[in-house]
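S.K.: Compact mmCIF, C-alpha atoms, saved as target_14.txt, coming up:
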# COMPACT_ATOMS: atom_id res chain seq x y z
CA MET F 1 81.17 -50.07 -13.61
CA THR F 2 79.56 -46.62 -13.72
CA PRO F 3 81.46 -44.10 -11.56
CA ASN F 4 79.68 -42.66 -8.51
CA TRP F 5 80.40 -39.03 -9.38
CA ARG F 6 78.23 -36.30 -7.92
CA SER F 7 80.28 -33.14 -8.56
CA LEU F 8 82.89 -32.41 -11.21
CA LEU F 9 84.77 -29.11 -10.84
CA PHE F 10 86.35 -27.42 -13.86
CA VAL F 11 89.83 -25.97 -13.36
CA PRO F 12 91.91 -24.42 -16.17
CA ALA F 13 95.01 -26.54 -16.53
CA THR F 14 97.28 -23.48 -16.33
CA ALA F 15 95.55 -21.61 -13.47
CA GLU F 16 97.96 -22.07 -10.57
CA ARG F 17 95.77 -20.42 -7.94
CA PHE F 18 92.89 -22.76 -8.78
CA ILE F 19 95.10 -25.83 -9.13
CA ALA F 20 96.59 -25.21 -5.68
CA LYS F 21 93.20 -25.33 -3.93
CA ALA F 22 91.30 -27.77 -6.15
CA HIS F 23 91.91 -30.74 -3.85
CA THR F 24 90.28 -28.89 -0.94
CA ARG F 25 86.95 -28.20 -2.69
CA GLY F 26 85.31 -31.57 -2.04
CA ALA F 27 84.55 -32.42 -5.68
CA ASP F 28 84.41 -36.06 -6.68
CA ALA F 29 86.38 -35.26 -9.82
CA ILE F 30 88.51 -32.37 -11.02
CA ILE F 31 88.28 -31.50 -14.69
CA LEU F 32 91.55 -30.06 -15.94
CA ASP F 33 90.42 -27.98 -18.89
CA LEU F 34 92.33 -27.71 -22.14
CA GLU F 35 89.41 -26.30 -24.12
CA ASP F 36 87.31 -23.17 -23.55
CA SER F 37 89.30 -21.68 -20.67
CA ILE F 38 92.61 -21.93 -22.54
CA PRO F 39 93.45 -19.34 -25.25
CA PRO F 40 94.50 -20.76 -28.64
CA ASP F 41 98.11 -19.67 -28.20
CA SER F 42 98.36 -21.40 -24.80
CA LYS F 43 97.28 -24.94 -25.75
CA ASP F 44 100.81 -26.36 -25.72
CA THR F 45 101.49 -24.78 -22.33
CA ALA F 46 98.29 -26.23 -20.93
CA ARG F 47 99.12 -29.74 -22.14
CA ALA F 48 102.57 -29.50 -20.60
CA ALA F 49 101.00 -28.44 -17.30
CA LEU F 50 98.91 -31.62 -16.96
CA ALA F 51 101.73 -33.81 -15.66
CA ALA F 52 102.27 -31.62 -12.58
CA ALA F 53 98.64 -30.61 -12.11
CA ALA F 54 97.09 -34.08 -12.09
CA PRO F 55 98.73 -35.40 -8.90
CA ARG F 56 98.10 -32.11 -7.10
CA VAL F 57 94.37 -31.91 -7.78
CA SER F 58 93.87 -35.60 -6.96
CA GLN F 59 95.77 -35.68 -3.65
CA SER F 60 92.53 -35.86 -1.62
CA GLY F 61 91.11 -38.68 -3.72
CA ALA F 62 89.32 -36.88 -6.55
CA ASP F 63 89.38 -38.46 -9.99
CA VAL F 64 91.27 -36.56 -12.69
CA ILE F 65 89.39 -35.82 -15.89
CA VAL F 66 90.71 -33.78 -18.81
CA ARG F 67 88.50 -31.85 -21.22
CA ILE F 68 90.16 -32.07 -24.59
CA ASN F 69 89.64 -29.86 -27.64
CA ARG F 70 87.31 -30.83 -30.47
CA PRO F 71 89.51 -30.32 -33.61
CA LEU F 72 91.41 -33.54 -34.26
CA GLU F 73 94.74 -31.73 -34.66
CA LEU F 74 94.34 -30.56 -31.05
CA ALA F 75 92.53 -33.61 -29.69
CA LEU F 76 95.33 -36.03 -30.52
CA PRO F 77 98.09 -34.27 -28.55
CA ASP F 78 95.53 -33.50 -25.81
CA ILE F 79 94.80 -37.21 -25.43
CA ALA F 80 98.48 -38.12 -25.41
CA ALA F 81 99.22 -35.58 -22.67
CA ALA F 82 96.18 -36.55 -20.60
CA ILE F 83 96.94 -40.28 -20.63
CA ALA F 84 100.61 -39.64 -19.84
CA ALA F 85 99.55 -37.49 -16.86
CA GLY F 86 97.40 -40.31 -15.46
CA ALA F 87 93.93 -38.96 -16.21
CA THR F 88 91.21 -41.54 -15.68
CA GLY F 89 88.62 -39.76 -17.80
CA LEU F 90 88.26 -37.46 -20.79
CA ILE F 91 85.50 -34.99 -21.55
CA LEU F 92 84.79 -35.07 -25.27
CA PRO F 93 83.26 -31.75 -26.42
CA LYS F 94 81.01 -31.31 -29.44
CA VAL F 95 80.75 -35.01 -30.23
CA MET F 96 79.38 -35.68 -33.69
CA GLY F 97 78.04 -39.20 -33.27
CA PRO F 98 78.99 -42.75 -32.25
CA GLU F 99 81.72 -43.04 -34.88
CA HIS F 100 83.43 -40.01 -33.37
CA ILE F 101 83.42 -41.72 -29.96
CA ARG F 102 84.81 -44.96 -31.37
CA LEU F 103 87.56 -43.17 -33.30
CA LEU F 104 88.78 -41.43 -30.15
CA SER F 105 88.54 -44.70 -28.24
CA GLU F 106 91.03 -46.24 -30.67
CA VAL F 107 93.39 -43.32 -30.12
CA VAL F 108 93.10 -43.64 -26.35
CA ALA F 109 93.73 -47.41 -26.48
CA THR F 110 96.98 -46.79 -28.34
CA ARG F 111 98.14 -44.33 -25.69
CA GLU F 112 97.08 -46.63 -22.82
CA ALA F 113 99.11 -49.45 -24.35
CA ALA F 114 102.13 -47.19 -24.72
CA HIS F 115 102.03 -46.37 -20.99
CA GLY F 116 101.21 -49.87 -19.74
CA ILE F 117 97.72 -48.81 -18.67
CA PRO F 118 94.94 -51.42 -18.87
CA ILE F 119 93.02 -50.92 -22.11
CA GLY F 120 89.68 -49.36 -21.35
CA ARG F 121 90.58 -47.74 -18.03
CA THR F 122 90.10 -44.22 -19.38
CA ARG F 123 86.41 -43.29 -19.32
CA PHE F 124 84.56 -40.89 -21.62
CA LEU F 125 82.14 -38.10 -20.73
CA ALA F 126 80.52 -36.96 -23.97
CA LEU F 127 79.07 -33.50 -24.56
CA ALA F 128 76.40 -33.12 -27.26
CA GLU F 129 76.72 -29.43 -28.06
CA THR F 130 75.54 -29.17 -31.64
CA ALA F 131 72.08 -29.50 -33.13
CA ALA F 132 73.41 -32.11 -35.57
CA SER F 133 74.41 -34.41 -32.71
CA LEU F 134 71.01 -34.45 -30.99
CA PRO F 135 69.38 -37.15 -33.17
CA HIS F 136 72.29 -39.44 -32.23
CA LEU F 137 72.10 -39.16 -28.42
CA TYR F 138 71.11 -42.78 -27.88
CA ALA F 139 73.80 -44.08 -30.23
CA ILE F 140 76.39 -41.81 -28.61
CA ALA F 141 75.50 -43.03 -25.12
CA ALA F 142 75.97 -46.67 -26.16
CA ALA F 143 78.85 -46.12 -28.59
CA ASP F 144 81.70 -47.56 -26.56
CA PRO F 145 82.38 -49.33 -23.23
CA ARG F 146 84.42 -46.30 -22.19
CA MET F 147 81.29 -44.15 -22.01
CA ALA F 148 80.58 -43.09 -18.42
CA ALA F 149 78.44 -39.95 -18.77
CA LEU F 150 76.47 -37.93 -21.29
CA ALA F 151 75.43 -34.27 -21.23
CA VAL F 152 73.85 -31.76 -23.57
CA GLY F 153 75.59 -28.40 -23.75
CA ALA F 154 73.05 -25.69 -23.02
CA GLU F 155 75.19 -22.68 -23.96
CA ASP F 156 76.30 -23.97 -27.35
CA LEU F 157 72.92 -25.45 -28.25
CA ALA F 158 71.02 -22.31 -27.31
CA THR F 159 73.33 -20.30 -29.56
CA GLU F 160 72.59 -22.65 -32.46
CA PHE F 161 68.88 -22.54 -31.70
CA GLY F 162 68.90 -18.75 -31.64
CA GLY F 163 67.60 -18.79 -28.07
CA ILE F 164 68.94 -18.55 -24.54
CA PRO F 165 70.06 -21.39 -22.26
CA SER F 166 67.21 -22.03 -19.84
CA ALA F 167 65.27 -24.86 -18.28
CA ASP F 168 62.54 -24.31 -20.87
CA SER F 169 64.78 -24.24 -23.94
CA MET F 170 66.75 -27.31 -22.82
CA TYR F 171 63.95 -29.38 -21.29
CA VAL F 172 63.22 -31.64 -24.27
CA TRP F 173 66.86 -32.41 -24.91
CA ALA F 174 67.59 -32.79 -21.22
CA MET F 175 64.98 -35.54 -21.06
CA HIS F 176 66.41 -37.21 -24.16
CA CYS F 177 69.85 -37.05 -22.55
CA ILE F 178 68.53 -38.71 -19.40
CA ALA F 179 66.73 -41.43 -21.34
CA ALA F 180 69.73 -42.08 -23.60
CA ALA F 181 72.15 -42.26 -20.67
CA ARG F 182 69.93 -44.48 -18.54
CA SER F 183 69.28 -46.83 -21.47
CA ALA F 184 73.05 -47.25 -21.83
CA ASN F 185 73.58 -47.53 -18.05
CA ILE F 186 75.76 -44.43 -17.87
CA LEU F 187 75.38 -41.18 -15.93
CA PRO F 188 73.12 -38.40 -17.23
CA MET F 189 75.05 -35.23 -16.44
CA GLY F 190 73.35 -31.85 -16.08
CA SER F 191 71.89 -29.18 -13.83
CA LEU F 192 69.28 -27.19 -15.86
CA GLY F 193 70.92 -24.10 -14.45
CA ALA F 194 73.47 -21.61 -15.75
CA LEU F 195 76.94 -23.06 -15.22
CA ALA F 196 78.38 -19.68 -14.22
CA GLN F 197 75.53 -18.58 -11.93
CA ILE F 198 77.25 -17.70 -8.63
CA ASP F 199 75.29 -14.65 -7.46
CA ASP F 200 72.14 -16.58 -6.52
CA LEU F 201 72.96 -19.90 -4.92
CA ASP F 202 69.34 -20.46 -3.88
CA ALA F 203 68.29 -20.33 -7.52
CA TYR F 204 71.12 -22.69 -8.41
CA ARG F 205 70.00 -25.11 -5.69
CA ALA F 206 66.42 -24.99 -6.97
CA ALA F 207 67.51 -25.68 -10.55
CA LEU F 208 69.72 -28.54 -9.42
CA THR F 209 66.91 -30.04 -7.36
CA ARG F 210 64.64 -29.94 -10.40
CA ALA F 211 67.36 -31.61 -12.48
CA LYS F 212 67.75 -34.39 -9.92
CA ASN F 213 63.99 -34.92 -9.82
CA LEU F 214 64.00 -35.27 -13.61
CA GLY F 215 66.67 -37.96 -13.41
CA PHE F 216 70.09 -36.31 -13.71
CA ALA F 217 72.74 -37.95 -11.55
CA THR F 218 75.82 -35.73 -11.67
CA ALA F 219 76.79 -32.18 -12.58
CA SER F 220 79.84 -30.17 -13.52
CA CYS F 221 80.54 -26.67 -12.27
CA ILE F 222 83.09 -23.90 -12.72
CA HIS F 223 82.88 -22.34 -9.25
CA PRO F 224 83.80 -24.00 -5.93
CA ALA F 225 80.68 -22.56 -4.27
CA HIS F 226 78.61 -24.96 -6.36
CA VAL F 227 80.43 -28.11 -5.22
CA PRO F 228 78.79 -28.55 -1.78
CA ILE F 229 75.37 -27.85 -3.28
CA ILE F 230 75.87 -30.49 -5.96
CA ASN F 231 77.16 -32.99 -3.40
CA GLU F 232 74.15 -32.35 -1.21
CA ILE F 233 71.52 -32.54 -3.96
CA TYR F 234 73.07 -35.43 -5.89
CA GLY F 235 74.25 -37.19 -2.75
CA ALA F 236 72.14 -38.45 0.16
CA THR F 237 71.37 -37.45 3.75
CA PRO F 238 71.86 -39.92 6.63
CA ALA F 239 68.07 -40.18 6.95
CA GLU F 240 67.72 -41.02 3.23
CA LEU F 241 70.42 -43.66 3.49
CA ASP F 242 68.81 -45.21 6.55
CA ARG F 243 65.43 -45.35 4.82
CA ALA F 244 66.99 -46.90 1.70
CA ARG F 245 68.62 -49.65 3.76
CA ARG F 246 65.37 -50.42 5.57
CA LEU F 247 63.42 -50.38 2.30
CA ILE F 248 65.82 -52.84 0.66
CA ALA F 249 65.70 -55.11 3.70
CA ALA F 250 61.88 -55.10 3.66
CA PHE F 251 61.84 -55.97 -0.02
CA ASP F 252 64.38 -58.78 0.46
CA ASP F 253 62.19 -60.22 3.21
CA ALA F 254 59.20 -60.09 0.84
CA LEU F 255 61.16 -61.89 -1.88
CA ALA F 256 62.14 -64.59 0.60
CA GLN F 257 58.42 -65.11 1.19
CA GLY F 258 57.71 -65.32 -2.54
CA LEU F 259 56.22 -61.82 -2.83
CA GLY F 260 57.06 -59.31 -5.56
CA ALA F 261 55.73 -56.22 -3.81
CA VAL F 262 55.36 -55.23 -0.19
CA ALA F 263 53.99 -52.38 1.91
CA PHE F 264 56.66 -50.14 3.42
CA GLU F 265 55.89 -47.13 5.59
CA GLY F 266 52.46 -46.63 4.08
CA ALA F 267 53.33 -47.21 0.43
CA MET F 268 53.78 -50.18 -1.86
CA ILE F 269 57.31 -50.82 -3.05
CA ASP F 270 58.42 -52.92 -5.98
CA LEU F 271 61.61 -53.53 -7.97
CA PRO F 272 62.01 -50.06 -9.60
CA ILE F 273 61.72 -48.37 -6.19
CA VAL F 274 64.24 -50.78 -4.73
CA GLU F 275 66.62 -50.10 -7.62
CA ARG F 276 66.50 -46.35 -6.86
CA ALA F 277 67.32 -47.13 -3.22
CA LYS F 278 70.30 -49.23 -4.28
CA ARG F 279 71.57 -46.42 -6.52
CA LEU F 280 71.32 -44.03 -3.60
CA LEU F 281 73.42 -46.34 -1.41
CA ALA F 282 75.97 -46.78 -4.17
CA ARG F 283 76.42 -43.02 -4.38
CA ALA F 284 77.06 -42.91 -0.64
CA THR F 285 80.50 -44.41 -1.30
CA ARG F 286 81.47 -40.83 -2.13
CA GLY F 287 81.94 -38.38 0.71
In structure tokens, write the structure found in this file.

M.R.:
Amino acid sequence: MTPNWRSLLFVPATAERFIAKAHTRGADAIILDLEDSIPPDSKDTARAALAAAAPRVSQSGADVIVRINRPLELALPDIAAAIAAGATGLILPKVMGPEHIRLLSEVVATREAAHGIPIGRTRFLALAETAASLPHLYAIAAADPRMAALAVGAEDLATEFGGIPSADSMYVWAMHCIAAARSANILPMGSLGALAQIDDLDAYRAALTRAKNLGFATASCIHPAHVPIINEIYGATPAELDRARRLIAAFDDALAQGLGAVAFEGAMIDLPIVERAKRLLARATRG
């Protein structure tokens, strides 16, 4: 089943002051980072910190996800430490293609078995961050049953493209990401905004609203100020939930009468509209 994540907050695995408050931020998942925020000479220390950090950041109910490193010599011990710490998800950076996903899935299965964890419990969130990976987005999204979310990495891709990360430069690949994820029934993850933008929350909100309207369903962030905005935009208001329930009920009544479409509050509704309403209600299980 696809997780109902709205917000995923990055926290460096060794940053005590962030770890201590992570459970109070309201994020649906905490990403304990072993990659970009950890210097090369601190990787072992970060892995060792996972065992104590995981239960602390999850004490209010957030899922624990670990972002591993891309090089295999680092990824293997990262995976071992993450599974031992009880992580329920892994962010896979710079994925190359579906074979890359399946290789790591085999590694994870071995570690799950070693710890008596049901095979397949650990979910994958894949990041396509290289130009070479972009033609494989659809295959990556459907590569393995562990796949839960797919994102394109604006910062890394823009660097390869020789451009800057912006809504314009990422638009085409953002739409491919959404289509690939939806075709595989996983979450398209993204915001079309700068991940580190904290000085203009109104601009961040506008970018996130545009991303939701395009079809994105969840977003990661590196600053706690972004969490409530993500939860609001990618969540649902009481009025929206009420309307969704009434819409579904009206459609069910129409089906009972042998109709495939029905008028509801001045507009015709059919199955795709009802499906969006059901997704909205499913996301309301969070927060």

S.K.: Considering only C-alpha atoms, tabulate each residue of segment 137-173 of chain F that lies at most 7 Å from segment 83-105 of chain F along with its nearest interatomic pair and the corresponding distance in Å to one decimal; arrange the rows by chain and ascending residue number and present them as CSV.

M.R.:
residue,atom,partner,partner_atom,distance
F:Ala139,CA,F:Pro98,CA,5.7
F:Ile140,CA,F:Pro98,CA,4.6
F:Ala143,CA,F:Pro98,CA,5.0
F:Asp144,CA,F:Arg102,CA,6.3

S.K.: Ranking F:Ala22, F:Ile68, F:Val108, F:Val152 by minimum distance to Gly120 of chain F and counting all atoms listed in the file, which one comes first?

M.R.: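 Checking each candidate against Gly120 of chain F, we get F:Val108 as the closest.
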
S.K.: What does the distance between atom CA of Asp63 of chain F and atom CA of Ala141 of chain F come to in Å, to one decimal place?

M.R.: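 Rounded to one decimal, the two atoms are 21.0 Å apart.
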
S.K.: Rank nothing, just name the residue among F:Ala203, F:Val57, F:Ala15, F:Leu74 nearest to Ala27 of chain F, using only C-alpha atoms.

M.R.: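 Using only C-alpha atoms, the shortest distance to Ala27 of chain F belongs to F:Val57.
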
S.K.: Here is a test: counting all atoms listed in the file, which residue of F:Ala132, F:Leu201, F:Leu127, F:Leu280 is nearest to Ala154 of chain F?

M.R.: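 Residue with the minimum atom-to-atom distance to Ala154 of chain F: F:Leu127.
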
S.K.: Within 6 Å of Ile186 of chain F, counting all atoms listed in the file, which residues qualify if same-chain residues fewer than 3 places away don't, as a list in words?

M.R.: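 Within the cut-off, the hits are Ala148, Ala149, Ala181 and Arg182 of chain F.
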
S.K.: Give me, please, the distance in Å between atom CA of Thr14 of chain F and atom CA of Ala109 of chain F, quoted to one decimal.

M.R.: 26.2 Å

S.K.: Would you please work out which residue, of F:Pro272, F:Gly258, F:Pro224, F:Gly235, is nearest to Phe10 of chain F when using all atoms listed in the file?

M.R.: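 Among the listed residues, the smallest separation from Phe10 of chain F belongs to F:Pro224.
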
S.K.: Here is a test: counting all atoms listed in the file, which residue of F:Thr2, F:Thr209, F:Arg246, F:Pro39 is nearest to Ala282 of chain F?

M.R.: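 Selected residue with least distance to Ala282 of chain F: F:Thr2.
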
S.K.: Grab the atom CA of Gly26 of chain F to atom CA of Phe124 of chain F distance for me, in Å with one decimal place.

M.R.: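 Here the two named atoms are 21.7 Å from each other.
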
S.K.: Take every atom of segment 41-53 of chain F listed in the file, pad by 4 Å on each side, and give me the axis-aligned box centre and edge lengths in Å, one decimal, as AutoDock Vina command-line options.

M.R.:
--center_x 99.9 --center_y -26.7 --center_z -20.2 --size_x 13.3 --size_y 22.1 --size_z 24.1

S.K.: Tell me, as a ChimeraX atom specification, which residues lie within 10 Å of Arg205 of chain F, counting only C-alpha atoms; anything in the same chain fewer than 4 positions away does not count.

M.R.: /F:191,193,200-201,209-211,226,229-230,232-233

S.K.: Nearest to Ala49 of chain F among F:Gly215, F:Gly153, F:Pro12, F:Pro71, with distances taken over all atoms listed in the file: which residue is it?

M.R.: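 For Ala49 of chain F, the nearest of the given residues is F:Pro12.
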
S.K.: Extract, using only C-alpha atoms, all DNA, RNA and protein residues at most 6 Å from Ile31 of chain F, discarding same-chain residues fewer than 2 positions from it, and format them as an mmCIF file with C-alpha atoms, keeping the file's coordinate frame.

M.R.:
data_model
loop_
_atom_site.group_PDB
_atom_site.id
_atom_site.type_symbol
_atom_site.label_atom_id
_atom_site.label_comp_id
_atom_site.auth_asym_id
_atom_site.auth_seq_id
_atom_site.Cartn_x
_atom_site.Cartn_y
_atom_site.Cartn_z
ATOM 1 C CA LEU F 9 84.770 -29.110 -10.840
ATOM 2 C CA PHE F 10 86.350 -27.420 -13.860
ATOM 3 C CA VAL F 11 89.830 -25.970 -13.360
ATOM 4 C CA ASP F 33 90.420 -27.980 -18.890
ATOM 5 C CA ILE F 65 89.390 -35.820 -15.890
ATOM 6 C CA VAL F 66 90.710 -33.780 -18.810
#

S.K.: What residues have an atom no more than 12 Å from (54.7, -45.6, 4.3) in the file's own frame, counting all atoms listed in the file, and can you write them as a list in words?

M.R.: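 Residues satisfying the cut-off, written out: Arg243, Arg246, Leu247, Ala250, Val262, Ala263, Phe264, Glu265, Gly266, Ala267, Met268 and Ile269 of chain F.
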
S.K.: Please identify all polymer residues within 8 Å of Ala81 of chain F, counting only C-alpha atoms, omitting same-chain residues fewer than 4 positions from it, and present them as a PDB file with C-alpha atoms, keeping the file's coordinate frame.

M.R.:
ATOM      1  CA  ARG F  47      99.120 -29.740 -22.140  1.00  0.00           C
ATOM      2  CA  ALA F  48     102.570 -29.500 -20.600  1.00  0.00           C
ATOM      3  CA  LEU F  50      98.910 -31.620 -16.960  1.00  0.00           C
ATOM      4  CA  ALA F  51     101.730 -33.810 -15.660  1.00  0.00           C
ATOM      5  CA  PRO F  77      98.090 -34.270 -28.550  1.00  0.00           C
ATOM      6  CA  ALA F  85      99.550 -37.490 -16.860  1.00  0.00           C
TER       7      ALA F  85
END

S.K.: List every protein, DNA or RNA residue that has at least one atom no more than 9 Å from (67.8, -33.1, -21.4) in the file's coordinates, counting only C-alpha atoms, and write the result as a list in words.

M.R.: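 Residues with an atom at most 9 Å from (67.8, -33.1, -21.4): Ala151, Val152, Met170, Tyr171, Val172, Trp173, Ala174, Met175, His176, Cys177, Ile178, Ala179, Pro188, Gly190, Leu192, Leu214 and Phe216 of chain F.
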
S.K.: Add whatever atoms are absent from segment 76-89 of chain F to reach N, CA, C and O atoms, and provide the output as a PDB file, in the coordinates of the input.

M.R.:
ATOM      1  N   LEU F  76      94.327 -34.960 -30.597  1.00  0.00           N
ATOM      2  CA  LEU F  76      95.330 -36.030 -30.520  1.00  0.00           C
ATOM      3  C   LEU F  76      96.437 -35.722 -29.517  1.00  0.00           C
ATOM      4  O   LEU F  76      96.734 -36.555 -28.646  1.00  0.00           O
ATOM      5  N   PRO F  77      97.089 -34.559 -29.580  1.00  0.00           N
ATOM      6  CA  PRO F  77      98.090 -34.270 -28.550  1.00  0.00           C
ATOM      7  C   PRO F  77      97.467 -34.080 -27.166  1.00  0.00           C
ATOM      8  O   PRO F  77      98.110 -34.378 -26.153  1.00  0.00           O
ATOM      9  N   ASP F  78      96.221 -33.602 -27.094  1.00  0.00           N
ATOM     10  CA  ASP F  78      95.530 -33.500 -25.810  1.00  0.00           C
ATOM     11  C   ASP F  78      95.408 -34.868 -25.157  1.00  0.00           C
ATOM     12  O   ASP F  78      95.682 -35.046 -23.960  1.00  0.00           O
ATOM     13  N   ILE F  79      94.971 -35.847 -25.941  1.00  0.00           N
ATOM     14  CA  ILE F  79      94.800 -37.210 -25.430  1.00  0.00           C
ATOM     15  C   ILE F  79      96.130 -37.777 -24.969  1.00  0.00           C
ATOM     16  O   ILE F  79      96.233 -38.380 -23.889  1.00  0.00           O
ATOM     17  N   ALA F  80      97.157 -37.599 -25.779  1.00  0.00           N
ATOM     18  CA  ALA F  80      98.480 -38.120 -25.410  1.00  0.00           C
ATOM     19  C   ALA F  80      98.952 -37.537 -24.087  1.00  0.00           C
ATOM     20  O   ALA F  80      99.446 -38.259 -23.213  1.00  0.00           O
ATOM     21  N   ALA F  81      98.782 -36.230 -23.907  1.00  0.00           N
ATOM     22  CA  ALA F  81      99.220 -35.580 -22.670  1.00  0.00           C
ATOM     23  C   ALA F  81      98.375 -36.015 -21.485  1.00  0.00           C
ATOM     24  O   ALA F  81      98.892 -36.222 -20.381  1.00  0.00           O
ATOM     25  N   ALA F  82      97.076 -36.170 -21.690  1.00  0.00           N
ATOM     26  CA  ALA F  82      96.180 -36.550 -20.600  1.00  0.00           C
ATOM     27  C   ALA F  82      96.474 -37.963 -20.103  1.00  0.00           C
ATOM     28  O   ALA F  82      96.523 -38.213 -18.891  1.00  0.00           O
ATOM     29  N   ILE F  83      96.658 -38.903 -21.025  1.00  0.00           N
ATOM     30  CA  ILE F  83      96.940 -40.280 -20.630  1.00  0.00           C
ATOM     31  C   ILE F  83      98.304 -40.355 -19.937  1.00  0.00           C
ATOM     32  O   ILE F  83      98.469 -41.042 -18.925  1.00  0.00           O
ATOM     33  N   ALA F  84      99.284 -39.646 -20.461  1.00  0.00           N
ATOM     34  CA  ALA F  84     100.610 -39.640 -19.840  1.00  0.00           C
ATOM     35  C   ALA F  84     100.569 -39.067 -18.434  1.00  0.00           C
ATOM     36  O   ALA F  84     101.337 -39.486 -17.559  1.00  0.00           O
ATOM     37  N   ALA F  85      99.655 -38.118 -18.181  1.00  0.00           N
ATOM     38  CA  ALA F  85      99.550 -37.490 -16.860  1.00  0.00           C
ATOM     39  C   ALA F  85      98.751 -38.339 -15.871  1.00  0.00           C
ATOM     40  O   ALA F  85      98.670 -37.990 -14.693  1.00  0.00           O
ATOM     41  N   GLY F  86      98.148 -39.427 -16.357  1.00  0.00           N
ATOM     42  CA  GLY F  86      97.400 -40.310 -15.460  1.00  0.00           C
ATOM     43  C   GLY F  86      95.926 -40.021 -15.347  1.00  0.00           C
ATOM     44  O   GLY F  86      95.266 -40.519 -14.423  1.00  0.00           O
ATOM     45  N   ALA F  87      95.367 -39.239 -16.254  1.00  0.00           N
ATOM     46  CA  ALA F  87      93.930 -38.960 -16.210  1.00  0.00           C
ATOM     47  C   ALA F  87      93.141 -40.259 -16.341  1.00  0.00           C
ATOM     48  O   ALA F  87      93.504 -41.142 -17.119  1.00  0.00           O
ATOM     49  N   THR F  88      92.060 -40.346 -15.600  1.00  0.00           N
ATOM     50  CA  THR F  88      91.210 -41.540 -15.680  1.00  0.00           C
ATOM     51  C   THR F  88      89.949 -41.290 -16.486  1.00  0.00           C
ATOM     52  O   THR F  88      89.125 -42.196 -16.638  1.00  0.00           O
ATOM     53  N   GLY F  89      89.785 -40.067 -16.988  1.00  0.00           N
ATOM     54  CA  GLY F  89      88.620 -39.760 -17.800  1.00  0.00           C
ATOM     55  C   GLY F  89      88.896 -38.602 -18.732  1.00  0.00           C
ATOM     56  O   GLY F  89      89.776 -37.770 -18.473  1.00  0.00           O
TER      57      GLY F  89
END
